[in-house]
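Trainee: Dropping in query_36.csv, with CSV, C-alpha atoms and all ligand atoms.
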```csv
chain,number,residue,atom,x,y,z
A,1,MET,CA,262.3,116.6,105.1
A,2,SER,CA,261.5,113.2,106.6
A,3,ARG,CA,258.4,112.9,108.7
A,4,SER,CA,257.4,109.9,110.8
A,5,VAL,CA,253.7,109.0,111.1
A,6,GLN,CA,252.5,108.1,114.6
A,7,ALA,CA,249.7,105.6,114.4
A,8,ASN,CA,247.4,106.2,117.4
A,9,GLY,CA,248.1,103.5,120.0
A,10,GLY,CA,251.3,102.3,118.4
A,11,ARG,CA,254.9,103.5,117.6
A,12,PRO,CA,256.0,105.3,114.4
A,13,VAL,CA,256.1,102.9,111.6
A,14,MET,CA,256.8,104.7,108.3
A,15,SER,CA,258.8,107.4,106.7
A,16,ASP,CA,257.3,110.1,104.4
A,17,SER,CA,257.7,107.9,101.3
A,18,GLY,CA,256.1,104.9,102.9
A,19,ASP,CA,258.7,102.7,101.4
A,20,SER,CA,259.9,101.5,104.8
A,21,MET,CA,256.5,100.0,105.7
A,22,LYS,CA,256.5,96.3,106.4
A,23,THR,CA,253.8,94.0,105.1
A,24,LEU,CA,251.5,91.8,107.1
A,25,ALA,CA,253.5,88.8,106.1
A,26,ASP,CA,256.8,90.4,107.2
A,27,VAL,CA,255.6,91.4,110.6
A,28,VAL,CA,253.8,88.1,111.4
A,29,ALA,CA,256.8,86.1,110.3
A,30,GLU,CA,259.1,88.2,112.5
A,31,THR,CA,257.0,88.5,115.6
A,32,ALA,CA,254.6,85.6,116.0
A,33,PRO,CA,255.9,82.7,118.2
A,34,ALA,CA,258.3,80.5,116.2
A,35,ASP,CA,256.2,77.3,116.7
A,36,LEU,CA,253.1,79.0,115.3
A,37,VAL,CA,255.1,80.3,112.3
A,38,ALA,CA,256.6,76.8,111.7
A,39,ASP,CA,253.1,75.3,111.7
A,40,GLY,CA,251.7,77.7,109.1
A,41,PHE,CA,250.1,80.5,111.1
A,42,LEU,CA,251.1,82.9,108.4
A,43,THR,CA,249.1,80.9,105.9
A,44,VAL,CA,246.0,81.3,108.2
A,45,VAL,CA,246.5,85.1,108.4
A,46,ASP,CA,247.1,85.3,104.6
A,47,ALA,CA,243.8,83.4,104.0
A,48,ILE,CA,242.0,85.8,106.3
A,49,ALA,CA,243.6,88.8,104.5
A,50,ASP,CA,242.5,87.3,101.1
A,51,GLY,CA,238.9,87.0,102.2
A,52,ALA,CA,239.1,90.5,103.7
A,53,ARG,CA,240.3,92.0,100.4
A,54,ARG,CA,237.2,90.4,98.8
A,55,VAL,CA,234.8,91.7,101.4
A,56,ASP,CA,236.5,95.1,101.2
A,57,GLY,CA,236.1,95.2,97.5
A,58,LEU,CA,232.4,94.4,97.8
A,59,THR,CA,231.9,96.9,100.7
A,60,ARG,CA,233.5,99.8,98.8
A,61,ARG,CA,231.3,99.3,95.8
A,62,ALA,CA,228.2,98.5,98.0
A,63,ALA,CA,225.1,99.2,96.0
A,64,LEU,CA,227.1,99.0,92.7
A,65,ALA,CA,228.2,95.4,93.6
A,66,GLY,CA,224.6,94.5,94.5
A,67,ILE,CA,225.4,93.6,98.1
A,68,LEU,CA,222.8,95.8,99.9
A,69,GLY,CA,219.7,94.4,101.4
A,70,ASP,CA,218.9,91.0,102.8
A,71,THR,CA,218.6,87.5,101.2
A,72,GLY,CA,215.2,86.9,102.6
A,73,GLU,CA,216.6,84.1,104.8
A,74,THR,CA,217.3,83.9,108.5
A,75,ASN,CA,220.4,82.3,109.9
A,76,VAL,CA,220.9,79.8,112.8
A,77,GLN,CA,220.8,82.7,115.2
A,78,GLY,CA,217.3,83.6,113.9
A,79,GLU,CA,218.7,86.9,112.4
A,80,ILE,CA,218.0,88.1,108.9
A,81,VAL,CA,220.9,87.3,106.5
A,82,GLN,CA,222.2,90.3,104.6
A,83,VAL,CA,223.5,89.7,101.1
A,84,LEU,CA,227.0,90.7,102.3
A,85,ASP,CA,226.7,88.2,105.1
A,86,ALA,CA,226.3,85.4,102.6
A,87,ALA,CA,229.1,86.8,100.3
A,88,GLY,CA,231.5,87.2,103.3
A,89,THR,CA,230.8,83.7,104.5
A,90,ASP,CA,231.6,82.3,101.0
A,91,ALA,CA,234.8,84.4,100.8
A,92,PHE,CA,236.2,83.4,104.2
A,93,VAL,CA,235.0,79.7,104.1
A,94,SER,CA,236.7,79.2,100.7
A,95,SER,CA,240.0,81.0,101.6
A,96,LEU,CA,240.4,79.3,104.9
A,97,ARG,CA,239.2,75.8,103.7
A,98,ASP,CA,241.6,75.9,100.8
A,99,CYS,CA,244.6,77.3,102.5
A,100,GLY,CA,246.0,73.9,103.5
A,101,VAL,CA,246.6,74.2,107.2
A,102,VAL,CA,243.1,74.6,108.7
A,103,ALA,CA,241.4,71.4,110.0
A,104,ALA,CA,238.0,72.8,110.8
A,105,LEU,CA,236.0,76.1,110.7
A,106,ALA,CA,233.0,77.3,112.5
A,107,CYS,CA,231.2,80.4,111.1
A,108,GLU,CA,228.5,82.5,112.8
A,109,GLU,CA,226.3,82.2,109.7
A,110,LEU,CA,226.6,78.4,109.3
A,111,GLU,CA,224.6,76.0,111.4
A,112,GLU,CA,227.2,73.3,111.1
A,113,ALA,CA,231.0,73.4,111.4
A,114,VAL,CA,233.0,72.8,108.3
A,115,PHE,CA,235.5,69.9,108.7
A,116,VAL,CA,238.3,70.1,106.3
A,117,SER,CA,241.0,67.5,107.2
A,118,ASP,CA,242.1,65.3,110.1
A,119,ARG,CA,245.7,65.3,108.9
A,120,PRO,CA,248.3,66.5,111.3
A,121,ASP,CA,249.6,69.0,108.8
A,122,HIS,CA,246.3,70.8,109.3
A,123,PRO,CA,246.9,72.1,112.8
A,124,TYR,CA,244.6,75.1,113.0
A,125,LEU,CA,240.9,75.6,113.9
A,126,VAL,CA,239.2,78.9,113.1
A,127,MET,CA,235.9,80.3,114.5
A,128,PHE,CA,234.7,83.5,112.8
A,129,ASP,CA,232.0,86.2,112.3
A,130,PRO,CA,232.4,87.0,108.6
A,131,VAL,CA,230.5,90.2,108.6
A,132,ASP,CA,230.0,91.8,112.0
A,133,GLY,CA,227.5,94.7,112.2
A,134,SER,CA,225.7,93.7,109.1
A,135,SER,CA,222.7,95.8,109.8
A,136,ASN,CA,225.0,98.8,109.1
A,137,ILE,CA,225.8,97.7,105.6
A,138,ASP,CA,222.9,99.4,103.9
A,139,VAL,CA,223.8,102.8,105.5
A,140,ALA,CA,227.5,102.8,104.7
A,141,VAL,CA,228.6,102.6,108.3
A,142,THR,CA,231.7,100.6,109.4
A,143,ILE,CA,231.4,96.8,109.6
A,144,GLY,CA,234.0,94.1,110.2
A,145,SER,CA,235.1,90.5,110.4
A,146,ILE,CA,236.4,88.7,113.5
A,147,PHE,CA,238.5,85.5,113.8
A,148,ALA,CA,239.5,83.2,116.7
A,149,VAL,CA,242.5,80.9,115.9
A,150,TYR,CA,243.3,77.8,117.9
A,151,ARG,CA,245.7,74.9,117.4
A,152,ARG,CA,244.4,71.4,117.6
A,153,SER,CA,245.3,69.9,121.0
A,154,ASP,CA,246.0,66.5,119.3
A,155,ASP,CA,245.8,64.7,116.0
A,156,SER,CA,242.5,62.9,116.7
A,157,ARG,CA,239.4,63.3,114.5
A,158,VAL,CA,238.0,66.8,114.3
A,159,SER,CA,234.5,67.2,115.5
A,160,ASP,CA,232.2,69.8,117.1
A,161,GLU,CA,233.9,69.0,120.5
A,162,THR,CA,237.3,69.9,119.0
A,163,LEU,CA,236.0,73.4,118.5
A,164,LEU,CA,234.5,73.8,122.0
A,165,ARG,CA,237.6,75.4,123.6
A,166,PRO,CA,237.9,78.1,126.1
A,167,GLY,CA,239.1,81.4,124.7
A,168,ARG,CA,242.3,81.3,126.7
A,169,GLU,CA,243.5,78.5,124.5
A,170,GLN,CA,243.5,80.7,121.4
A,171,CYS,CA,246.9,81.0,119.8
A,172,GLY,CA,245.9,84.2,117.9
A,173,ALA,CA,243.0,86.4,116.9
A,174,VAL,CA,242.4,88.7,114.0
A,175,TYR,CA,239.8,91.3,113.2
A,176,VAL,CA,239.2,93.6,110.2
A,177,VAL,CA,237.4,96.9,110.2
A,178,TYR,CA,236.0,98.2,106.9
A,179,GLY,CA,235.7,101.8,107.8
A,180,SER,CA,237.0,105.1,106.4
A,181,SER,CA,240.1,102.9,105.9
A,182,THR,CA,240.3,99.1,106.1
A,183,VAL,CA,242.5,97.9,109.0
A,184,LEU,CA,243.4,94.4,109.9
A,185,VAL,CA,244.5,93.7,113.5
A,186,VAL,CA,246.5,90.6,114.5
A,187,ALA,CA,247.1,89.5,118.1
A,188,THR,CA,249.4,86.7,119.2
A,189,GLU,CA,250.7,86.1,122.8
A,190,GLY,CA,251.6,89.5,124.2
A,191,ARG,CA,251.5,91.4,121.0
A,192,VAL,CA,248.9,93.3,118.9
A,193,ASP,CA,249.7,95.0,115.5
A,194,GLY,CA,247.5,96.8,113.0
A,195,PHE,CA,247.8,96.9,109.2
A,196,THR,CA,246.1,99.3,106.8
A,197,LEU,CA,245.0,98.1,103.4
A,198,ASP,CA,246.7,100.1,100.7
A,199,PRO,CA,244.1,100.2,97.9
A,200,ALA,CA,246.8,100.8,95.3
A,201,SER,CA,248.8,97.7,96.0
A,202,GLY,CA,246.2,95.5,97.8
A,203,GLU,CA,248.8,95.0,100.5
A,204,PHE,CA,248.0,95.3,104.2
A,205,LEU,CA,250.9,97.5,105.5
A,206,HIS,CA,252.1,97.8,109.1
A,207,SER,CA,250.5,101.0,110.4
A,208,HIS,CA,250.0,100.3,114.1
A,209,ASP,CA,253.0,98.9,115.9
A,210,GLN,CA,252.6,97.0,119.2
A,211,ILE,CA,249.2,98.4,120.2
A,212,ARG,CA,248.5,98.9,123.9
A,213,ILE,CA,245.1,100.1,125.1
A,214,PRO,CA,245.7,103.6,126.5
A,215,ALA,CA,245.7,103.9,130.3
A,216,LYS,CA,242.8,106.4,130.3
A,217,CYS,CA,239.3,105.3,129.3
A,218,ALA,CA,237.8,107.8,126.9
A,219,ALA,CA,234.3,106.6,126.4
A,220,TYR,CA,231.7,103.9,127.2
A,221,SER,CA,229.7,102.1,124.6
A,222,VAL,CA,226.4,100.4,125.1
A,223,ASN,CA,223.0,100.3,123.5
A,224,GLU,CA,221.2,102.7,125.9
A,225,GLY,CA,217.9,101.9,124.3
A,226,ASN,CA,217.9,98.5,126.1
A,227,GLN,CA,218.2,100.1,129.5
A,228,GLY,CA,214.6,99.3,130.4
A,229,ASN,CA,215.4,95.6,130.2
A,230,TRP,CA,218.6,95.7,132.3
A,231,HIS,CA,218.9,94.4,135.8
A,232,PRO,CA,219.1,97.2,138.4
A,233,GLU,CA,222.8,96.5,139.0
A,234,MET,CA,223.6,97.0,135.4
A,235,GLN,CA,221.5,100.2,135.3
A,236,ALA,CA,223.5,101.4,138.3
A,237,ALA,CA,226.8,100.5,136.7
A,238,VAL,CA,226.0,102.3,133.5
A,239,ALA,CA,224.7,105.3,135.4
A,240,GLU,CA,228.2,105.6,136.9
A,241,LEU,CA,229.9,105.3,133.5
A,242,ARG,CA,227.5,107.9,132.1
A,243,ASN,CA,228.7,110.3,134.8
A,244,ASP,CA,232.4,109.8,134.1
A,245,TYR,CA,232.7,109.3,130.3
A,246,GLY,CA,231.4,110.3,127.0
A,247,LEU,CA,229.1,107.8,125.0
A,248,ARG,CA,230.1,106.4,121.7
A,249,TYR,CA,228.0,103.6,120.0
A,250,VAL,CA,228.4,102.6,116.4
A,251,GLY,CA,226.3,99.4,116.6
A,252,SER,CA,229.1,97.3,115.0
A,253,LEU,CA,230.9,95.6,117.8
A,254,VAL,CA,234.2,95.5,115.8
A,255,ALA,CA,234.1,99.2,115.2
A,256,ASP,CA,233.2,100.1,118.8
A,257,PHE,CA,236.0,97.7,120.0
A,258,HIS,CA,238.6,99.1,117.6
A,259,ARG,CA,237.9,102.6,118.8
A,260,ASP,CA,238.2,101.5,122.4
A,261,LEU,CA,241.5,99.6,121.7
A,262,LEU,CA,243.1,102.7,120.1
A,263,LYS,CA,241.6,105.5,122.3
A,264,GLY,CA,240.7,103.7,125.5
A,265,GLY,CA,237.1,102.8,126.4
A,266,ILE,CA,234.7,100.1,127.5
A,267,PHE,CA,232.1,98.3,125.5
A,268,LEU,CA,229.1,96.5,127.1
A,269,TYR,CA,226.4,94.2,125.7
A,270,PRO,CA,224.9,92.8,128.9
A,271,GLY,CA,222.4,90.1,129.3
A,272,ASP,CA,219.0,91.5,130.3
A,273,LEU,CA,215.5,90.4,131.3
A,274,LYS,CA,214.5,89.6,127.7
A,275,SER,CA,217.8,87.9,126.7
A,276,PRO,CA,219.7,86.7,129.8
A,277,ALA,CA,222.7,85.5,127.8
A,278,GLY,CA,222.9,88.8,125.8
A,279,LYS,CA,223.2,89.0,122.0
A,280,LEU,CA,226.8,88.5,121.1
A,281,ARG,CA,228.4,85.1,120.4
A,282,LEU,CA,231.1,83.7,122.7
A,283,GLY,CA,233.1,81.8,120.0
A,284,TYR,CA,232.9,84.3,117.1
A,285,GLU,CA,232.9,87.7,118.8
A,286,ALA,CA,233.6,87.7,122.5
A,287,ASN,CA,236.5,85.3,122.6
A,288,PRO,CA,238.6,86.7,119.8
A,289,LEU,CA,238.1,90.4,120.8
A,290,CYS,CA,238.8,89.6,124.5
A,291,TYR,CA,241.9,87.8,123.5
A,292,VAL,CA,243.0,90.9,121.5
A,293,ALA,CA,242.1,93.2,124.5
A,294,GLU,CA,244.1,91.1,127.0
A,295,GLN,CA,247.2,91.0,124.7
A,296,ALA,CA,246.9,94.8,124.6
A,297,GLY,CA,246.6,95.2,128.4
A,298,GLY,CA,242.8,95.3,128.6
A,299,ALA,CA,240.3,92.8,130.0
A,300,GLY,CA,237.0,91.1,129.1
A,301,SER,CA,234.3,89.7,131.4
A,302,THR,CA,230.8,88.2,131.3
A,303,GLY,CA,230.1,90.3,134.4
A,304,THR,CA,230.9,87.4,136.7
A,305,GLU,CA,233.7,85.6,134.9
A,306,ARG,CA,236.7,86.2,132.6
A,307,ILE,CA,235.4,85.7,129.1
A,308,LEU,CA,238.5,83.6,128.1
A,309,ASP,CA,237.8,81.1,130.9
A,310,VAL,CA,234.2,80.3,129.8
A,311,LEU,CA,234.0,76.7,128.7
A,312,PRO,CA,231.6,76.6,125.7
A,313,GLN,CA,228.8,74.1,125.6
A,314,GLN,CA,227.6,74.9,122.1
A,315,LEU,CA,229.1,76.4,118.9
A,316,HIS,CA,226.7,79.3,118.7
A,317,GLN,CA,226.5,80.1,122.4
A,318,ARG,CA,225.8,83.7,123.4
A,319,THR,CA,227.4,85.6,126.2
A,320,PRO,CA,227.1,88.9,128.0
A,321,LEU,CA,230.2,91.0,127.2
A,322,ILE,CA,232.1,93.7,129.0
A,323,VAL,CA,235.4,94.5,127.3
A,324,GLY,CA,238.0,97.4,127.3
A,325,ASN,CA,240.2,99.1,129.8
A,326,ALA,CA,241.0,96.6,132.6
A,327,ASP,CA,240.4,99.0,135.5
A,328,VAL,CA,237.0,100.1,134.2
A,329,VAL,CA,235.9,96.5,133.4
A,330,GLU,CA,236.9,95.6,137.0
A,331,ARG,CA,234.9,98.6,138.3
A,332,VAL,CA,231.8,97.5,136.4
A,333,VAL,CA,232.2,93.9,137.6
A,334,ALA,CA,232.6,95.0,141.2
A,335,ARG,CA,229.4,97.2,140.8
A,336,LEU,CA,227.4,94.3,139.4
A,337,ALA,CA,228.4,92.2,142.5
A,338,GLN,CA,227.1,94.7,145.0
B,401,LIG,P1,225.9,90.7,113.8
B,401,LIG,O1,227.1,89.9,114.0
B,401,LIG,O2,224.8,89.8,113.3
B,401,LIG,O3,226.1,91.9,113.0
B,401,LIG,O4,225.3,91.2,115.2
B,401,LIG,C1,226.1,91.7,116.2
B,401,LIG,C2,226.0,93.2,116.3
B,401,LIG,C3,227.3,93.8,116.9
B,401,LIG,O5,228.2,94.1,115.9
B,401,LIG,C4,226.8,95.0,117.6
B,401,LIG,O6,227.6,95.3,118.7
B,401,LIG,C5,225.4,94.6,118.0
B,401,LIG,O7,225.0,93.6,117.2
B,401,LIG,C6,224.5,95.7,118.0
B,401,LIG,O8,223.3,95.3,118.5
B,401,LIG,P2,222.1,96.3,118.8
B,401,LIG,O9,221.6,96.8,117.5
B,401,LIG,O10,221.1,95.5,119.6
B,401,LIG,O11,222.7,97.4,119.6
B,402,MG,MG,228.8,90.0,114.8
```
Could you spell out this file's structure in structure tokens?
Ligand code: AHM
Ligand code: MG
Mentor:
Amino acid sequence: MSRSVQANGGRPVMSDSGDSMKTLADVVAETAPADLVADGFLTVVDAIADGARRVDGLTRRAALAGILGDTGETNVQGEIVQVLDAAGTDAFVSSLRDCGVVAALACEELEEAVFVSDRPDHPYLVMFDPVDGSSNIDVAVTIGSIFAVYRRSDDSRVSDETLLRPGREQCGAVYVVYGSSTVLVVATEGRVDGFTLDPASGEFLHSHDQIRIPAKCAAYSVNEGNQGNWHPEMQAAVAELRNDYGLRYVGSLVADFHRDLLKGGIFLYPGDLKSPAGKLRLGYEANPLCYVAEQAGGAGSTGTERILDVLPQQLHQRTPLIVGNADVVERVVARLAQ
């Protein structure tokens, strides 16, 4: 008897045998805007998938692969670098640098951007967090990788300024969650799809078709331990959420976001009295995830402004972040303005 599998948040995508499942390359080639495909967008996504397979392999073996613990160094953000942060950076920098269509990269773990080529046949720019939630690595909790993809606006020399683009100019965004399964999510204009890594074949197979954030918010997600440092308006906004929704907090943004995308929810990492700009990075975390959220019908805000409209001043800029169901994000923003 044939049975279809309903991926949560998407339409049925496979039969019992699994042989009708499409690969990441099939779906991106069919559904991404034609001008992106013609310019090698699939090559960028393939390079990300290659790096993700390497990080997945290391993550699955964890202590056996010697990737637990820290390197003893701190990164440009002043945070301790985990061994997997360094390995993930190497994996994605090499796959993206060598893929042949990326002009420049900026990585959360690297102080300086990596400039690859000024040639017009390298039209893409990628900003990424190679290992998000890295403090969770040592305790076998879900982590992820996050990527913002832009097209160069012209063929002039690539520089830091070339990378300082508002998030609304992204042509695509990708994230990967290394959880109980490994799932890669790709968003392009108006469309979001998920692909589950088949460990047997190493292929990312289409498991979540045309994801839309569910209309009903199921949970709120925030580090309640920071409450004492929040402004009174934020304390009041979260008190309302606490009244209406359950709390879920993994402590890996990408895992919390993925749950909200599939089940409905809101994630907050506000600025506070100690850190007015919050903790998360605009270019590597907030922009790509808010792009995904918007393509799936959700919204993302700093608390006063749409995240995708923020004009970055620096590569490693931080931002307060509120992302998830559009009506609940709006409600929090309205509460903060009172
Ligand atoms: P990272 O990119 O260095 O791992 O830091 C970002 C992480 C996010 O994944 C997560 O949402 C947040 O930091 C958790 O911070 P906290 O432990 O303060 O709640
Ligand atoms: Mg991160």
Trainee: Closest to Phe115 of chain A among A:Asn136, A:Thr23, A:Thr162, A:Thr142, using all atoms listed in the file?
Mentor: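 Under the stated criterion, the closest residue is A:Thr162.
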Trainee: For ligand LIG 401 (chain B), which of A:Ile211, A:Val222, A:Val126, A:Val114 is the closest residue, counting all atoms listed in the file?
Mentor: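 For ligand LIG 401 (chain B), the nearest of the candidates is A:Val222.
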Trainee: Mind dumping a table of every segment 68-186 of chain A residue within 12 Å of segment 45-62 of chain A, with the nearest atom pair and its distance in Å to one decimal, using all atoms listed in the file, sorted by chain and rising number, as CSV?
Mentor:
```
residue,atom,partner,partner_atom,distance
A:Leu68,CA,A:Ala62,CA,6.3
A:Gly69,CA,A:Ala62,CA,10.0
A:Val83,CA,A:Ala62,CA,10.4
A:Leu84,CA,A:Val55,CA,7.9
A:Asp85,CA,A:Val55,CA,9.6
A:Ala86,CA,A:Val55,CA,10.6
A:Ala87,CA,A:Val55,CA,7.6
A:Gly88,CA,A:Val55,CA,5.9
A:Thr89,CA,A:Gly51,CA,9.0
A:Asp90,CA,A:Gly51,CA,8.8
A:Ala91,CA,A:Gly51,CA,5.1
A:Phe92,CA,A:Gly51,CA,4.9
A:Val93,CA,A:Gly51,CA,8.5
A:Ser94,CA,A:Gly51,CA,8.2
A:Ser95,CA,A:Ala47,CA,5.1
A:Leu96,CA,A:Ala47,CA,5.4
A:Arg97,CA,A:Ala47,CA,8.9
A:Asp98,CA,A:Ala47,CA,8.4
A:Cys99,CA,A:Ala47,CA,6.3
A:Gly100,CA,A:Ala47,CA,9.8
A:Val101,CA,A:Ala47,CA,10.1
A:Val102,CA,A:Ala47,CA,10.0
A:Tyr124,CA,A:Val45,CA,11.2
A:Val126,CA,A:Ile48,CA,10.1
A:Met127,CA,A:Ile48,CA,11.6
A:Phe128,CA,A:Ile48,CA,10.0
A:Asp129,CA,A:Ile48,CA,11.7
A:Pro130,CA,A:Val55,CA,8.9
A:Val131,CA,A:Val55,CA,8.5
A:Asp132,CA,A:Val55,CA,11.6
A:Ser134,CA,A:Thr59,CA,10.9
A:Asn136,CA,A:Thr59,CA,11.0
A:Ile137,CA,A:Thr59,CA,7.9
A:Asp138,CA,A:Ala62,CA,8.0
A:Val139,CA,A:Ala62,CA,9.7
A:Ala140,CA,A:Ala62,CA,8.0
A:Val141,CA,A:Thr59,CA,10.1
A:Thr142,CA,A:Thr59,CA,9.5
A:Ile143,CA,A:Thr59,CA,8.9
A:Gly144,CA,A:Ala52,CA,9.0
A:Ser145,CA,A:Ala52,CA,7.8
A:Ile146,CA,A:Ile48,CA,9.6
A:Phe147,CA,A:Ile48,CA,8.3
A:Ala148,CA,A:Ile48,CA,11.0
A:Val149,CA,A:Val45,CA,9.5
A:Gly172,CA,A:Val45,CA,9.6
A:Ala173,CA,A:Val45,CA,9.3
A:Val174,CA,A:Val45,CA,7.8
A:Tyr175,CA,A:Ile48,CA,9.1
A:Val176,CA,A:Ala52,CA,7.2
A:Val177,CA,A:Asp56,CA,9.2
A:Tyr178,CA,A:Asp56,CA,6.5
A:Gly179,CA,A:Thr59,CA,9.4
A:Ser180,CA,A:Arg60,CA,9.9
A:Ser181,CA,A:Asp56,CA,9.8
A:Thr182,CA,A:Asp56,CA,7.4
A:Val183,CA,A:Ala52,CA,9.7
A:Leu184,CA,A:Ala49,CA,7.8
A:Val185,CA,A:Val45,CA,10.2
A:Val186,CA,A:Val45,CA,8.2
```
Trainee: Show which residues sit within 10 Å of Asn226 of chain A, as an MDAnalysis selection string. Count all atoms listed in the file, and ignore same-chain residues fewer than 4 positions away.
Mentor: chainID A and resid 222 230 269:270 272:274
Trainee: Hey, which residues come within 6 Å of ligand LIG 401 (chain B) if we count all atoms listed in the file? Could you give them as a PDB file with C-alpha atoms, keeping the file's coordinate frame?
Mentor:
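Everything below was put into part.pdb:
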```pdb
ATOM      1  CA  ASP A 132     230.000  91.800 112.000  1.00  0.00           C
ATOM      2  CA  GLY A 133     227.500  94.700 112.200  1.00  0.00           C
ATOM      3  CA  SER A 134     225.700  93.700 109.100  1.00  0.00           C
ATOM      4  CA  ASN A 223     223.000 100.300 123.500  1.00  0.00           C
ATOM      5  CA  GLY A 251     226.300  99.400 116.600  1.00  0.00           C
ATOM      6  CA  SER A 252     229.100  97.300 115.000  1.00  0.00           C
ATOM      7  CA  LEU A 253     230.900  95.600 117.800  1.00  0.00           C
ATOM      8  CA  LEU A 280     226.800  88.500 121.100  1.00  0.00           C
TER       9      LEU A 280
END
```
Trainee: What is the atom CA of Val37 of chain A-atom CA of Met21 of chain A distance in Å, reported with one decimal?
Mentor: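 Between atom CA of Val37 of chain A and atom CA of Met21 of chain A the gap works out to 20.8 Å.
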Trainee: If we count all atoms listed in the file and set the cut-off at 7 Å, which residues sit around Thr319 of chain A, ignoring sequence neighbours fewer than 2 positions away in its own chain? Please answer as a count of residues only.
Mentor: 9
Trainee: Measure the distance from atom CA of Val329 of chain A to atom CA of Glu79 of chain A in Å and round it to one decimal.
Mentor: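 If I compute the distance from atom CA of Val329 of chain A to atom CA of Glu79 of chain A, I get 28.8 Å.
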Trainee: I'd like the neighbourhood of Asp256 of chain A as a PyMOL selection string, where a residue qualifies if any of its atoms comes within 10 Å (using only C-alpha atoms), though same-chain residues fewer than 5 positions away should be ignored.
Mentor: chain A and resi 142-143+220-222+248-251+261+265-268
Trainee: Separation of atom CA of Lys22 of chain A and atom CA of Asp209 of chain A, in Å?
Mentor: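 Atom-to-atom, atom CA of Lys22 of chain A and atom CA of Asp209 of chain A are spaced 10.5 Å apart.
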Trainee: Need the neighbours of (241.3, 93.6, 127.9): which residues are at most 9 Å away, counting all atoms listed in the file, as a PDB file with C-alpha atoms, in the coordinates of the input?
Mentor:
```
ATOM      1  CA  ILE A 213     245.100 100.100 125.100  1.00  0.00           C
ATOM      2  CA  LEU A 261     241.500  99.600 121.700  1.00  0.00           C
ATOM      3  CA  LEU A 289     238.100  90.400 120.800  1.00  0.00           C
ATOM      4  CA  CYS A 290     238.800  89.600 124.500  1.00  0.00           C
ATOM      5  CA  TYR A 291     241.900  87.800 123.500  1.00  0.00           C
ATOM      6  CA  VAL A 292     243.000  90.900 121.500  1.00  0.00           C
ATOM      7  CA  ALA A 293     242.100  93.200 124.500  1.00  0.00           C
ATOM      8  CA  GLU A 294     244.100  91.100 127.000  1.00  0.00           C
ATOM      9  CA  GLN A 295     247.200  91.000 124.700  1.00  0.00           C
ATOM     10  CA  ALA A 296     246.900  94.800 124.600  1.00  0.00           C
ATOM     11  CA  GLY A 297     246.600  95.200 128.400  1.00  0.00           C
ATOM     12  CA  GLY A 298     242.800  95.300 128.600  1.00  0.00           C
ATOM     13  CA  ALA A 299     240.300  92.800 130.000  1.00  0.00           C
ATOM     14  CA  GLY A 300     237.000  91.100 129.100  1.00  0.00           C
ATOM     15  CA  SER A 301     234.300  89.700 131.400  1.00  0.00           C
ATOM     16  CA  VAL A 323     235.400  94.500 127.300  1.00  0.00           C
ATOM     17  CA  GLY A 324     238.000  97.400 127.300  1.00  0.00           C
ATOM     18  CA  ASN A 325     240.200  99.100 129.800  1.00  0.00           C
ATOM     19  CA  ALA A 326     241.000  96.600 132.600  1.00  0.00           C
ATOM     20  CA  VAL A 329     235.900  96.500 133.400  1.00  0.00           C
TER      21      VAL A 329
END
```
Trainee: Select, from A:Leu262, A:Ala237, A:Leu105, A:Ala215, the residue with the minimum atom-to-atom distance to Ile322 of chain A, counting all atoms listed in the file.
Mentor: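 Closest residue, counting all atoms listed in the file: A:Ala237.
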Trainee: I need the residue nearest ligand MG 402 (chain B) from this list: A:Glu285, A:Asp327, A:Asp193, A:Glu233. Use all atoms listed in the file for the distance.
Mentor: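 Closest to ligand MG 402 (chain B) of all the choices is A:Glu285.
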Trainee: Counting all atoms listed in the file, which residue out of A:Gln77, A:Gln314, A:Leu247, A:Glu305 sits closest to ligand MG 402 (chain B)?
Mentor: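 Answer, going by the shortest atom-to-atom distance: A:Gln77.
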Trainee: In terms of the shortest atom-to-atom distance over all atoms listed in the file, which of A:Asn287, A:Thr31, A:Thr304, A:Asn243 is closest to ligand MG 402 (chain B)?
Mentor: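 Under the stated criterion, the closest residue is A:Asn287.
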Trainee: Can you tell me, as a PyMOL selection string, what residues are no more than 7 Å from Tyr245 of chain A when counting all atoms listed in the file, ignoring any on the same chain fewer than 4 positions away?
Mentor: chain A and resi 218-220+241
Trainee: Quick one: everything within 6 Å of Gly167 of chain A, counting all atoms listed in the file, minus sequence neighbours fewer than 2 positions away in the same chain. Send it as an mmCIF file with C-alpha atoms, keeping the file's coordinate frame.
Mentor:
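This is the output file out-v3.cif:
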```cif
data_model
loop_
_atom_site.group_PDB
_atom_site.id
_atom_site.type_symbol
_atom_site.label_atom_id
_atom_site.label_comp_id
_atom_site.auth_asym_id
_atom_site.auth_seq_id
_atom_site.Cartn_x
_atom_site.Cartn_y
_atom_site.Cartn_z
ATOM 1 C CA GLU A 169 243.500 78.500 124.500
ATOM 2 C CA GLN A 170 243.500 80.700 121.400
ATOM 3 C CA ASN A 287 236.500 85.300 122.600
ATOM 4 C CA LEU A 308 238.500 83.600 128.100
#
```
Trainee: Please write out, as AutoDock Vina command-line options, where the centre of an axis-aligned box around all listed atoms of segment 233-250 of chain A lies and how long its edges are, in Å to one decimal, after adding 8 Å on each side.
Mentor:
```
--center_x 227.1 --center_y 103.4 --center_z 127.7 --size_x 27.2 --size_y 29.8 --size_z 38.6
```
